[in-house]
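Source file: model.txt; contents: compact mmCIF, C-alpha atoms.
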# COMPACT_ATOMS: atom_id res chain seq x y z
CA MET A 914 55.81 33.23 -10.99
CA VAL A 915 53.76 36.42 -10.93
CA LEU A 916 50.70 35.96 -8.72
CA ASN A 917 47.45 37.90 -8.94
CA CYS A 918 45.39 38.87 -5.89
CA ARG A 919 43.11 35.79 -6.06
CA HIS A 920 46.12 33.48 -6.00
CA VAL A 921 47.52 35.31 -3.00
CA TRP A 922 44.22 35.01 -1.07
CA GLU A 923 44.39 31.24 -1.51
CA TYR A 924 47.87 31.26 0.02
CA ILE A 925 47.06 33.48 3.04
CA SER A 926 46.62 30.56 5.47
CA GLY A 927 49.71 28.76 4.20
CA TYR A 928 51.64 32.01 4.54
CA LEU A 929 50.44 32.57 8.12
CA ASP A 930 51.15 28.95 9.07
CA ASN A 931 54.52 29.04 7.31
CA THR A 932 53.70 25.94 5.28
CA LEU A 933 54.31 27.35 1.78
CA ASP A 934 57.29 26.13 -0.19
CA GLU A 935 60.13 28.60 -0.52
CA GLN A 936 59.32 29.66 -4.09
CA THR A 937 55.60 30.27 -3.43
CA ARG A 938 56.40 32.22 -0.26
CA ALA A 939 58.81 34.43 -2.22
CA ASP A 940 56.17 34.97 -4.94
CA VAL A 941 53.57 35.93 -2.30
CA GLU A 942 55.99 38.33 -0.63
CA ARG A 943 56.84 39.96 -3.98
CA HIS A 944 53.11 40.54 -4.55
CA LEU A 945 52.57 41.88 -1.01
CA GLU A 946 55.34 44.45 -1.48
CA HIS A 947 53.27 46.40 -3.99
CA CYS A 948 49.65 45.34 -3.24
CA GLU A 949 47.99 47.36 -0.51
CA ILE A 950 44.76 45.32 -0.63
CA CYS A 951 46.44 41.92 -0.16
CA SER A 952 48.68 43.34 2.58
CA ALA A 953 45.52 44.51 4.36
CA VAL A 954 43.88 41.07 3.88
CA LEU A 955 46.93 39.41 5.43
CA ASP A 956 47.24 41.89 8.31
CA SER A 957 43.52 41.85 9.12
CA THR A 958 43.37 38.03 9.03
CA ARG A 959 46.36 37.78 11.37
CA ASN A 960 44.85 40.40 13.68
CA ILE A 961 41.43 38.70 13.72
CA LEU A 962 43.01 35.33 14.60
CA ILE A 963 44.69 36.92 17.63
CA LEU A 964 41.41 38.49 18.75
CA THR A 965 39.29 35.33 18.30
CA ALA A 966 41.78 33.23 20.31
CA ASP A 967 41.58 35.63 23.27
CA ASP A 968 40.21 34.05 26.46
CA ARG A 969 37.73 36.90 26.82
CA ILE A 970 35.70 35.69 23.81
CA PHE A 971 34.48 32.52 25.54
CA GLU A 972 34.13 33.21 29.24
CA LEU A 973 33.18 30.48 31.69
CA PRO A 974 29.81 31.03 33.37
CA LEU A 975 29.98 32.03 37.02
CA GLY A 976 29.98 28.92 39.23
CA TYR A 977 30.64 26.57 36.30
CA SER A 978 33.50 24.76 38.00
CA GLU A 979 31.63 24.30 41.30
CA ARG A 980 28.54 22.89 39.55
CA LEU A 981 30.70 20.59 37.44
CA HIS A 982 32.53 19.09 40.43
CA ALA A 983 29.32 18.75 42.43
CA ARG A 984 27.73 16.76 39.58
CA LEU A 985 30.90 14.69 39.20
CA ARG A 986 30.97 13.89 42.92
CA LYS A 987 27.40 12.62 42.63
CA ALA A 988 28.17 10.56 39.49
CA ILE A 989 31.30 9.10 41.05
CA SER A 990 29.48 8.13 44.24
CA GLU A 991 26.70 6.42 42.26
CA ALA A 992 28.87 4.56 39.71
CA PRO A 993 31.29 1.73 40.34
CA PRO A 994 34.90 2.88 40.00
CA PRO A 995 36.24 2.63 36.44
CA SER A 996 38.45 -0.34 35.76
CA GLU A 997 41.12 -1.00 33.18
CA GLU A 998 39.85 -2.85 30.14
CA SER A 999 42.00 -4.99 27.95
CA SER A 1000 41.99 -3.88 24.31
CA MET B 592 46.92 10.01 38.05
CA ILE B 593 44.88 7.77 35.77
CA ALA B 594 46.48 4.66 37.31
CA GLU B 595 45.60 5.97 40.78
CA ILE B 596 41.96 6.48 39.79
CA LEU B 597 41.76 3.03 38.23
CA ALA B 598 43.25 1.63 41.43
CA GLY B 599 40.30 3.05 43.34
CA ARG B 600 41.31 6.59 44.33
CA THR B 601 38.35 8.02 42.43
CA GLU B 602 38.57 11.48 44.05
CA VAL B 603 41.78 12.09 42.06
CA PHE B 604 39.58 12.40 38.95
CA HIS B 605 38.65 15.94 40.06
CA ASP B 606 42.31 17.00 39.90
CA LEU B 607 42.86 15.17 36.63
CA ILE B 608 40.21 17.13 34.75
CA ARG B 609 40.74 20.59 36.27
CA PRO B 610 43.14 21.78 33.52
CA TYR B 611 40.61 20.84 30.83
CA GLU B 612 37.42 22.37 32.25
CA ARG B 613 37.71 25.44 30.09
CA SER B 614 38.67 23.79 26.80
CA VAL B 615 35.83 21.25 26.98
CA TYR B 616 33.29 23.99 27.70
CA MET B 617 34.67 26.16 24.89
CA MET B 618 34.48 23.28 22.41
CA VAL B 619 30.87 22.42 23.17
CA LEU B 620 29.75 26.05 23.46
CA SER B 621 31.19 26.84 20.05
CA MET B 622 29.19 23.93 18.62
CA LEU B 623 25.90 24.34 20.50
CA ARG B 624 25.84 28.17 20.73
CA ASN B 625 23.84 27.98 23.96
CA GLU B 626 25.47 28.45 27.35
CA ALA B 627 23.09 26.33 29.45
CA GLU B 628 23.25 23.41 27.03
CA ALA B 629 27.01 23.75 26.71
CA GLU B 630 27.41 23.50 30.48
CA ASP B 631 25.19 20.42 30.62
CA VAL B 632 27.07 18.72 27.75
CA ALA B 633 30.44 19.65 29.30
CA GLN B 634 29.35 17.94 32.54
CA GLU B 635 28.18 14.87 30.62
CA THR B 636 31.52 14.77 28.80
CA PHE B 637 33.46 14.56 32.06
CA ILE B 638 31.10 11.94 33.50
CA LYS B 639 31.48 9.86 30.35
CA ALA B 640 35.25 10.26 30.54
CA TYR B 641 35.18 9.00 34.14
CA ARG B 642 33.07 5.96 33.27
CA ASN B 643 35.28 5.12 30.29
CA LEU B 644 38.62 5.95 31.83
CA GLY B 645 39.65 2.30 31.66
CA ARG B 646 39.48 2.50 27.87
CA PHE B 647 41.86 5.43 27.63
CA ARG B 648 45.12 4.44 25.97
CA SER B 649 48.21 6.38 26.91
CA GLU B 650 49.43 6.52 23.30
CA SER B 651 47.04 9.44 22.78
CA ARG B 652 46.99 12.64 24.80
CA PHE B 653 44.35 12.75 27.53
CA SER B 654 43.20 16.18 26.30
CA THR B 655 42.72 14.85 22.75
CA TRP B 656 40.67 11.93 24.06
CA LEU B 657 38.57 14.26 26.19
CA ILE B 658 37.93 16.69 23.32
CA ALA B 659 36.87 13.79 21.09
CA ILE B 660 34.28 12.78 23.73
CA ALA B 661 33.10 16.41 23.99
CA LEU B 662 32.76 16.65 20.23
CA ASN B 663 30.71 13.44 20.04
CA GLU B 664 28.47 14.50 22.93
CA ALA B 665 27.85 17.91 21.33
CA ARG B 666 27.16 16.34 17.93
CA ALA B 667 24.71 13.88 19.52
CA ARG B 668 22.92 16.78 21.24
CA LEU B 669 22.74 18.70 17.96
CA ARG B 670 21.31 15.68 16.16
CA ARG B 671 18.64 15.26 18.83
CA LYS B 672 17.64 18.88 18.28
CA GLN B 673 17.95 18.84 14.49
CA PRO B 674 17.65 15.26 13.21
CA ALA B 675 18.24 16.43 9.64
CA LEU B 676 21.52 18.04 10.59
CA THR B 677 24.34 17.05 8.30
CA ASP B 678 27.98 17.86 8.78
CA SER B 679 28.93 17.05 5.23
CA ILE B 680 30.38 19.87 3.23
CA ASP B 681 31.83 20.17 -0.21
CA ASP B 682 35.53 20.80 0.31
CA MET B 683 35.88 21.45 -3.40
CA GLU B 684 33.40 24.29 -3.51
CA GLY B 685 34.52 27.78 -4.58
CA SER B 686 36.91 30.01 -2.71
CA VAL B 687 35.94 32.76 -0.25
CA VAL B 688 36.63 36.30 -1.41
CA PRO B 689 37.95 38.30 1.56
CA ALA B 690 36.98 41.86 2.49
CA GLN B 691 39.19 44.23 0.55
CA LEU B 692 40.05 47.23 2.67
CA THR B 693 42.82 49.68 2.04
CA ASP B 694 42.52 51.44 5.40
CA TRP B 695 43.10 48.45 7.72
CA ARG B 696 44.85 49.30 10.93
CA GLU B 697 45.65 47.00 13.81
CA ILE B 698 42.81 46.38 16.28
CA PRO B 699 44.51 46.06 19.67
CA SER B 700 43.50 43.34 22.14
CA GLU B 701 42.36 46.04 24.59
CA THR B 702 39.38 46.55 22.27
CA LEU B 703 38.06 43.24 23.65
CA GLU B 704 37.30 45.02 26.92
CA ARG B 705 34.25 46.29 25.07
CA GLN B 706 31.26 43.95 25.20
CA GLU B 707 30.09 44.95 21.72
CA VAL B 708 33.42 43.91 20.16
CA ARG B 709 33.32 40.53 21.93
CA SER B 710 29.74 40.07 20.70
CA LEU B 711 30.76 40.87 17.11
CA ILE B 712 33.43 38.18 17.24
CA ARG B 713 31.17 35.61 18.93
CA ARG B 714 28.46 36.19 16.32
CA ALA B 715 30.96 35.79 13.47
CA LEU B 716 32.24 32.51 14.96
CA ASP B 717 28.67 31.29 15.52
CA ALA B 718 27.84 32.08 11.88
CA LEU B 719 30.52 29.74 10.50
CA PRO B 720 29.06 26.50 9.09
CA LEU B 721 29.52 23.71 11.68
CA PRO B 722 32.26 21.75 9.81
CA TYR B 723 34.32 24.95 9.50
CA ARG B 724 33.61 25.97 13.09
CA GLU B 725 34.79 22.60 14.43
CA VAL B 726 38.10 22.84 12.58
CA PHE B 727 38.59 26.49 13.48
CA VAL B 728 37.97 25.91 17.19
CA LEU B 729 40.27 22.87 17.35
CA ARG B 730 43.11 24.58 15.46
CA GLU B 731 42.90 28.18 16.66
CA LEU B 732 41.31 28.00 20.09
CA GLU B 733 42.25 24.53 21.32
CA GLU B 734 45.65 24.79 19.58
CA ARG B 735 45.56 21.24 18.18
CA ASN B 736 47.91 20.51 15.30
CA VAL B 737 46.66 19.54 11.85
CA GLN B 738 47.19 15.81 12.45
CA GLU B 739 45.31 15.79 15.78
CA THR B 740 42.48 17.86 14.30
CA ALA B 741 42.14 15.44 11.39
CA GLU B 742 42.08 12.43 13.73
CA THR B 743 39.60 14.01 16.15
CA LEU B 744 37.19 14.91 13.36
CA GLY B 745 37.81 11.82 11.23
CA ILE B 746 38.71 13.85 8.14
CA THR B 747 41.82 14.14 5.97
CA ILE B 748 44.66 16.56 6.61
CA ALA B 749 43.86 18.25 3.28
CA SER B 750 40.28 18.84 4.46
CA VAL B 751 41.51 20.32 7.74
CA LYS B 752 43.71 22.79 5.85
CA MET B 753 40.99 23.70 3.37
CA ARG B 754 38.30 24.17 6.04
CA LEU B 755 40.61 26.18 8.25
CA HIS B 756 41.55 28.46 5.36
CA ARG B 757 37.90 29.03 4.44
CA ALA B 758 36.92 29.63 8.06
CA ARG B 759 39.65 32.24 8.40
CA MET B 760 38.64 33.97 5.17
CA MET B 761 34.95 33.93 6.19
CA LEU B 762 35.84 35.54 9.52
CA GLN B 763 38.02 38.13 7.80
CA LYS B 764 35.25 38.92 5.32
CA GLN B 765 32.66 39.28 8.08
CA LEU B 766 34.72 40.89 10.80
CA ALA B 767 37.26 43.16 9.14
CA PRO B 768 34.71 45.79 7.98
CA GLN B 769 32.84 45.62 11.32
CA LEU B 770 35.95 45.86 13.47
CA ILE B 771 37.44 48.74 11.53
CA SER B 772 34.22 50.72 11.88
CA SER B 773 33.96 49.94 15.61
CA ALA B 774 37.60 50.91 16.29
CA PRO B 775 38.33 54.42 17.55
CA LYS B 776 38.69 56.78 14.62
CA ARG B 777 42.11 58.14 13.84
CA ARG B 778 42.51 61.87 14.17
CA ARG B 779 41.85 63.35 10.77
CA ARG B 780 44.85 65.13 9.36
CA PHE B 781 44.53 68.26 7.27
CA PRO B 782 47.75 68.46 5.29
CA TRP B 783 47.03 72.01 4.20
CA PHE B 784 47.38 73.34 7.76
Can I see the file as structure tokens?
Amino acid sequence: MVLNCRHVWEYISGYLDNTLDEQTRADVERHLEHCEICSAVLDSTRNILILTADDRIFELPLGYSERLHARLRKAISEAPPPSEESS
Amino acid sequence: MIAEILAGRTEVFHDLIRPYERSVYMMVLSMLRNEAEAEDVAQETFIKAYRNLGRFRSESRFSTWLIAIALNEARARLRRKQPALTDSIDDMEGSVVPAQLTDWREIPSETLERQEVRSLIRRALDALPLPYREVFVLRELEERNVQETAETLGITIASVKMRLHRARMMLQKQLAPQLISSAPKRRRRFPWF
């Protein structure tokens, strides 16, 4: 099947996640071979996903871990120990 | 470890949660978009997990259980701030048209050393509607699979896939033009020389 650009955009996630069926994947690849715009949409989406998943995007505040464990120590000392509950 | 804690060695809880400190904070920060509140809600998440540890069932992963608590705590905080907040969204609404660039070139990870690039990405993530943001963070940042994401959020697998696709396209639409203009310019070539 010959796909137009709008069809291909709908398949970008499936293509990246490798969840398209064999025929659709082949149709998308045939379109990408000659479409500079859709190739750029695919490449930029892939690139942006790598950048957003980088640990530097969400950095832990300085002292976060220390404050967390201090508050936990207090909560644990004040509460009775947890016990197993039957479902 | 959980059995030890339930048997009374409560100090082991500190070691149990250490590997998840970052992911819980990241989940609630992405939802609340405020660092001080995110830290408070992350702390409350771990305290709630401690108090309810006896209810944890080993059929599910501890990290999935913890993230579900974090998500509920963050949603409760959001509702207190914005009682009219709704997380419903029309999964059938129209598609997102991506940015169409012909001059895309790879943005290397080193670019993230620059504060302004990190801010661009954070702002784009913050601008995603909450239901899309939740799915995006669980799938892309927390690396949950589609099934786990659907269970954590209480939505269908089809909705997870649709929301993730839209979130990705929204980020591409927003970020691709900004990133390409913030990237170092290529040396201009003059073919007539």
Proximity of chain A to chain B: per-residue shortest pair, 6 Å limit, all atoms listed in the file, as CSV:
residue,atom,partner,partner_atom,distance
A:Ser926,CA,B:His756,CA,5.5
A:Ile950,CA,B:Thr693,CA,5.5
A:Ala953,CA,B:Trp695,CA,5.7
A:Thr958,CA,B:Gln763,CA,5.5
A:Ala966,CA,B:Leu732,CA,5.3
A:Ile970,CA,B:Arg709,CA,5.7
A:Leu981,CA,B:Gln634,CA,5.7
A:Pro995,CA,B:Arg642,CA,5.6
A:Ser996,CA,B:Gly645,CA,5.0
A:Glu997,CA,B:Gly645,CA,3.9
A:Glu998,CA,B:Gly645,CA,5.4
Excluding B:Glu664 and residues on its chain fewer than 4 positions from it, collect all residues at most 10 Å away from it, counting only C-alpha atoms, and give them as a ChimeraX atom specification. /B:619,632-633,635-636,639,658-660,668-670
Build an axis-aligned box that encloses every atom of stretch 748-754 of chain B listed in the file, pad it by 6 Å on each side, and report its centre and edge lengths in Å to one decimal, as AutoDock Vina command-line options.
--center_x 41.5 --center_y 20.4 --center_z 5.5 --size_x 18.4 --size_y 19.6 --size_z 16.5
Just the number, please: distance in Å from atom CA of B:Leu657 to atom CA of B:Glu739, one decimal. 12.5 Å
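Among the candidates B:Glu707, B:Val615, B:Gln765, B:Val603, the one nearest to A:Tyr977 when counting all atoms listed in the file is B:Val615.
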Could you state the separation of atom CA of B:Arg754 and atom CA of A:Asp934 in Å, given to one decimal place?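 Distance between the two atoms: 20.1 Å.
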With distances taken over all atoms listed in the file, which of B:Asn663, B:Glu628, B:Ser649, B:Leu607 is nearest to B:Thr743?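 For B:Thr743, the nearest of the given residues is B:Asn663.
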Could you tell me how far atom CA of A:Asp956 lies from atom CA of B:Ala741, in Å and to one decimal?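 So the answer is 27.1 Å.
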List as a tab-separated table (two decimals) with C-alpha atoms, in the coordinates of the input the protein and nucleic acid residues near A:Leu955, meaning an atom at most 9 Å away when only C-alpha atoms are counted, but skip any in the same chain fewer than 2 places from it.
chain	number	residue	atom	x	y	z
A	922	TRP	CA	44.22	35.01	-1.07
A	925	ILE	CA	47.06	33.48	3.04
A	926	SER	CA	46.62	30.56	5.47
A	928	TYR	CA	51.64	32.01	4.54
A	929	LEU	CA	50.44	32.57	8.12
A	945	LEU	CA	52.57	41.88	-1.01
A	950	ILE	CA	44.76	45.32	-0.63
A	951	CYS	CA	46.44	41.92	-0.16
A	952	SER	CA	48.68	43.34	2.58
A	953	ALA	CA	45.52	44.51	4.36
A	957	SER	CA	43.52	41.85	9.12
A	958	THR	CA	43.37	38.03	9.03
A	959	ARG	CA	46.36	37.78	11.37
A	960	ASN	CA	44.85	40.40	13.68
Export stretch 640-708 of chain B from the structure block above, keeping C-alpha atoms, as a PDB file, in the first residue's frame.
ATOM      1  CA  ALA B 640       4.936   2.626  51.416  1.00  0.00           C
ATOM      2  CA  TYR B 641       6.486   1.833  54.808  1.00  0.00           C
ATOM      3  CA  ARG B 642       3.149   1.959  56.615  1.00  0.00           C
ATOM      4  CA  ASN B 643       1.485  -0.224  53.972  1.00  0.00           C
ATOM      5  CA  LEU B 644       4.338  -2.616  53.359  1.00  0.00           C
ATOM      6  CA  GLY B 645       2.284  -5.472  54.782  1.00  0.00           C
ATOM      7  CA  ARG B 646      -0.163  -5.050  51.919  1.00  0.00           C
ATOM      8  CA  PHE B 647       2.468  -5.415  49.226  1.00  0.00           C
ATOM      9  CA  ARG B 648       1.990  -8.596  47.232  1.00  0.00           C
ATOM     10  CA  SER B 649       5.054 -10.147  45.677  1.00  0.00           C
ATOM     11  CA  GLU B 650       3.218 -10.924  42.426  1.00  0.00           C
ATOM     12  CA  SER B 651       3.814  -7.305  41.416  1.00  0.00           C
ATOM     13  CA  ARG B 652       7.187  -5.588  41.226  1.00  0.00           C
ATOM     14  CA  PHE B 653       8.049  -3.446  44.247  1.00  0.00           C
ATOM     15  CA  SER B 654       8.977  -0.552  41.941  1.00  0.00           C
ATOM     16  CA  THR B 655       5.583  -0.720  40.196  1.00  0.00           C
ATOM     17  CA  TRP B 656       3.790  -0.677  43.549  1.00  0.00           C
ATOM     18  CA  LEU B 657       5.887   2.258  44.710  1.00  0.00           C
ATOM     19  CA  ILE B 658       5.290   4.258  41.526  1.00  0.00           C
ATOM     20  CA  ALA B 659       1.545   3.643  41.833  1.00  0.00           C
ATOM     21  CA  ILE B 660       1.646   5.130  45.368  1.00  0.00           C
ATOM     22  CA  ALA B 661       3.684   8.104  44.083  1.00  0.00           C
ATOM     23  CA  LEU B 662       1.203   8.678  41.277  1.00  0.00           C
ATOM     24  CA  ASN B 663      -1.769   8.635  43.667  1.00  0.00           C
ATOM     25  CA  GLU B 664      -0.031  10.958  46.142  1.00  0.00           C
ATOM     26  CA  ALA B 665       0.847  13.422  43.364  1.00  0.00           C
ATOM     27  CA  ARG B 666      -2.684  13.283  41.937  1.00  0.00           C
ATOM     28  CA  ALA B 667      -4.148  13.902  45.410  1.00  0.00           C
ATOM     29  CA  ARG B 668      -1.846  16.911  45.842  1.00  0.00           C
ATOM     30  CA  LEU B 669      -2.866  18.264  42.433  1.00  0.00           C
ATOM     31  CA  ARG B 670      -6.554  17.874  43.281  1.00  0.00           C
ATOM     32  CA  ARG B 671      -6.079  19.752  46.553  1.00  0.00           C
ATOM     33  CA  LYS B 672      -4.513  22.604  44.592  1.00  0.00           C
ATOM     34  CA  GLN B 673      -6.932  22.487  41.666  1.00  0.00           C
ATOM     35  CA  PRO B 674     -10.197  20.822  42.744  1.00  0.00           C
ATOM     36  CA  ALA B 675     -11.589  21.138  39.218  1.00  0.00           C
ATOM     37  CA  LEU B 676      -8.656  19.250  37.771  1.00  0.00           C
ATOM     38  CA  THR B 677      -9.718  16.458  35.485  1.00  0.00           C
ATOM     39  CA  ASP B 678      -7.480  13.847  33.971  1.00  0.00           C
ATOM     40  CA  SER B 679      -9.982  12.764  31.387  1.00  0.00           C
ATOM     41  CA  ILE B 680      -8.946  13.205  27.810  1.00  0.00           C
ATOM     42  CA  ASP B 681     -10.477  12.309  24.511  1.00  0.00           C
ATOM     43  CA  ASP B 682      -8.303   9.551  23.095  1.00  0.00           C
ATOM     44  CA  MET B 683     -10.212   9.780  19.844  1.00  0.00           C
ATOM     45  CA  GLU B 684      -9.428  13.424  19.212  1.00  0.00           C
ATOM     46  CA  GLY B 685      -7.472  14.459  16.103  1.00  0.00           C
ATOM     47  CA  SER B 686      -3.879  13.614  15.361  1.00  0.00           C
ATOM     48  CA  VAL B 687      -0.866  15.824  16.104  1.00  0.00           C
ATOM     49  CA  VAL B 688       0.904  17.254  13.067  1.00  0.00           C
ATOM     50  CA  PRO B 689       4.669  17.118  13.691  1.00  0.00           C
ATOM     51  CA  ALA B 690       7.183  19.849  12.854  1.00  0.00           C
ATOM     52  CA  GLN B 691       8.265  19.399   9.270  1.00  0.00           C
ATOM     53  CA  LEU B 692      11.919  20.236   8.900  1.00  0.00           C
ATOM     54  CA  THR B 693      14.146  19.308   6.031  1.00  0.00           C
ATOM     55  CA  ASP B 694      17.387  20.380   7.713  1.00  0.00           C
ATOM     56  CA  TRP B 695      17.239  18.144  10.815  1.00  0.00           C
ATOM     57  CA  ARG B 696      20.597  17.007  12.063  1.00  0.00           C
ATOM     58  CA  GLU B 697      21.341  14.942  15.131  1.00  0.00           C
ATOM     59  CA  ILE B 698      21.482  16.857  18.423  1.00  0.00           C
ATOM     60  CA  PRO B 699      24.190  15.112  20.454  1.00  0.00           C
ATOM     61  CA  SER B 700      23.706  14.347  24.154  1.00  0.00           C
ATOM     62  CA  GLU B 701      26.613  16.679  24.989  1.00  0.00           C
ATOM     63  CA  THR B 702      24.250  19.543  24.160  1.00  0.00           C
ATOM     64  CA  LEU B 703      22.534  18.762  27.488  1.00  0.00           C
ATOM     65  CA  GLU B 704      25.551  20.227  29.271  1.00  0.00           C
ATOM     66  CA  ARG B 705      23.958  23.554  28.410  1.00  0.00           C
ATOM     67  CA  GLN B 706      21.389  24.754  30.943  1.00  0.00           C
ATOM     68  CA  GLU B 707      19.259  26.428  28.267  1.00  0.00           C
ATOM     69  CA  VAL B 708      18.845  23.154  26.350  1.00  0.00           C
TER      70      VAL B 708
END
